[in-house]
Amino acid sequence: MQRSRVPIVSAALLATLLLGASVGTVAAAEPITIPPAAAFRTAPTLSVSPNVTLLGGVVATIHVDVVYDPMPSEWDPNVDPTVGHSEGTSAQVVQAASKKAIAAGQGFGGGTLVCDGSTVNPLDIPVVSQTVPFRKGTAVIGVQVQICNADCSGGGYRSTGPIAVTLTSK
C-alpha cells in the first residue's frame with residue numbers, strides 16, 4: 001500500500017502561505033489616523049522638527065516647540081493667564097515599512113506650559129509602533145496640541161495635518 005505525498009505537501013504549502021499572509025497584514029488595534037490641519041480659539045504656534053529620532057525601531061520621538069499667547073479666564077480674574085496645561089497633546093507616525101506593511105503608532109504628551117506669547121515650550125512626544133517596526137527614512141506624522149488655562153475657560157487647539165519627516169536613529 002503506497003500513500004500519496006501530494007496531500008501532505010499541499011497542506012504544508014497552504015499553511016506556509018497562510019502564515020505569510022497573516023504576518024504581512026499586521027494591523028493596529030484601532031486605526032491610526034492623522035487629523036487634517038485645523039485651529040480654533042486662540043491656537044498655539046507649533047514648530048515640528050523635520051527629523052524624528054528613532055529608538056530600536058519601535059519608538060519614534062517627535063520634537064515640537066509650542067508658543068502660546070496668554071489666556072485670561074472668562075470667569076475668575078485671579079487665574080494666571082500665563083499658565084496653561086496640555087489637555088490633549090498627541091502625535092501619530094505612519095510609514096510604509098515595506099511593500100506589504102505599514103508601520104503606524106500614536107503617542108501622547110503634554111504638561112504645564114508658559115503662555116506669554118514668546119516662551120518656547122519644548123515637547124517630546126514618544127510614539128510606539130502598534131504594527132511592524134519603524135525604519136529609518138521618510139514617514140508621515142501629525143501633531144495635535146490642545147491647551148487650556150487653569151479653569152479651562154480659555155484655550156485653543158491646533159493640528160498640523162500630515163507632515164513628511166525623516167526618521168533617524170540616535
# chains A, B, ... in the order shown; residues from 1 in each chain; ligands from 1
>>> select_by_dssp(residues="chain A", states="strand (DSSP E or B)", output="number ranges by chain")
A: 38-41, 45-48, 51-55, 59-67, 83-86, 89-96, 102-109, 112-114, 121-129, 137-148, 155-159, 163-169
>>> residues_around(residues="range 117-133 of chain A", least_positions_apart="2", cutoff="8 Å", atoms="only C-alpha atoms", output="number ranges by chain")
A: 26-29, 57-70, 90-93, 97, 101-110, 113-115, 135
>>> atom_distance(atom1="CA of Met71 in chain A", atom2="CA of Cys152 in chain A")
9.3 Å
>>> closest_residue(among="A:Asn51, A:Gln146, A:Thr138, A:Thr33", to="Ser86 in chain A", atoms="only C-alpha atoms")
A:Gln146
>>> atom_distance(atom1="CA of Ser159 in chain A", atom2="CA of Val140 in chain A")
13.8 Å
>>> closest_residue(among="A:Gln144, A:Thr168, A:Asn78, A:Ser153", to="Ala38 in chain A", atoms="only C-alpha atoms")
A:Gln144
>>> atom_distance(atom1="CA of Leu46 in chain A", atom2="CA of Thr166 in chain A")
18.0 Å
>>> closest_residue(among="A:Thr42, A:Ser169, A:Thr112, A:Ser49", to="Ile141 in chain A", atoms="only C-alpha atoms")
A:Ser49
>>> closest_residue(among="A:Ser47, A:Glu87, A:Ala150, A:Leu55", to="Leu167 in chain A", atoms="only C-alpha atoms")
A:Leu55
>>> residues_around(residues="Val79 in chain A", least_positions_apart="5", cutoff="9 Å", atoms="only C-alpha atoms", output="PyMOL selection string")
chain A and resi 72-73+149-151
>>> write_last_selection(atoms="all heavy atoms", output="PDB file, in the first residue's frame")
ATOM      1  N   PRO A  72      -6.499  84.735  29.475  1.00  0.00           N
ATOM      2  CA  PRO A  72      -7.231  85.212  30.653  1.00  0.00           C
ATOM      3  C   PRO A  72      -8.495  84.381  30.867  1.00  0.00           C
ATOM      4  O   PRO A  72      -9.117  83.928  29.920  1.00  0.00           O
ATOM      5  CB  PRO A  72      -7.572  86.658  30.326  1.00  0.00           C
ATOM      6  CG  PRO A  72      -7.102  86.913  28.941  1.00  0.00           C
ATOM      7  CD  PRO A  72      -6.429  85.691  28.419  1.00  0.00           C
ATOM      8  N   SER A  73      -8.830  84.218  32.122  1.00  0.00           N
ATOM      9  CA  SER A  73     -10.043  83.480  32.459  1.00  0.00           C
ATOM     10  C   SER A  73     -11.278  84.297  32.127  1.00  0.00           C
ATOM     11  O   SER A  73     -11.302  85.515  32.304  1.00  0.00           O
ATOM     12  CB  SER A  73     -10.050  83.135  33.950  1.00  0.00           C
ATOM     13  OG  SER A  73     -11.284  82.575  34.320  1.00  0.00           O
ATOM     14  N   ASN A 149      -6.329  77.119  30.099  1.00  0.00           N
ATOM     15  CA  ASN A 149      -5.847  77.786  31.312  1.00  0.00           C
ATOM     16  C   ASN A 149      -6.341  76.992  32.517  1.00  0.00           C
ATOM     17  O   ASN A 149      -6.959  75.934  32.370  1.00  0.00           O
ATOM     18  CB  ASN A 149      -6.261  79.265  31.340  1.00  0.00           C
ATOM     19  CG  ASN A 149      -7.763  79.452  31.358  1.00  0.00           C
ATOM     20  OD1 ASN A 149      -8.535  78.507  31.464  1.00  0.00           O
ATOM     21  ND2 ASN A 149      -8.193  80.701  31.250  1.00  0.00           N
ATOM     22  N   ALA A 150      -6.086  77.504  33.730  1.00  0.00           N
ATOM     23  CA  ALA A 150      -6.384  76.744  34.949  1.00  0.00           C
ATOM     24  C   ALA A 150      -7.852  76.358  35.095  1.00  0.00           C
ATOM     25  O   ALA A 150      -8.170  75.289  35.605  1.00  0.00           O
ATOM     26  CB  ALA A 150      -5.916  77.513  36.177  1.00  0.00           C
ATOM     27  N   ASP A 151      -8.782  77.226  34.675  1.00  0.00           N
ATOM     28  CA  ASP A 151     -10.200  76.873  34.820  1.00  0.00           C
ATOM     29  C   ASP A 151     -10.835  76.434  33.494  1.00  0.00           C
ATOM     30  O   ASP A 151     -12.038  76.278  33.396  1.00  0.00           O
ATOM     31  CB  ASP A 151     -10.992  78.021  35.456  1.00  0.00           C
ATOM     32  CG  ASP A 151     -11.051  79.274  34.602  1.00  0.00           C
ATOM     33  OD1 ASP A 151     -10.564  79.255  33.448  1.00  0.00           O
ATOM     34  OD2 ASP A 151     -11.581  80.288  35.095  1.00  0.00           O
TER      35      ASP A 151
END
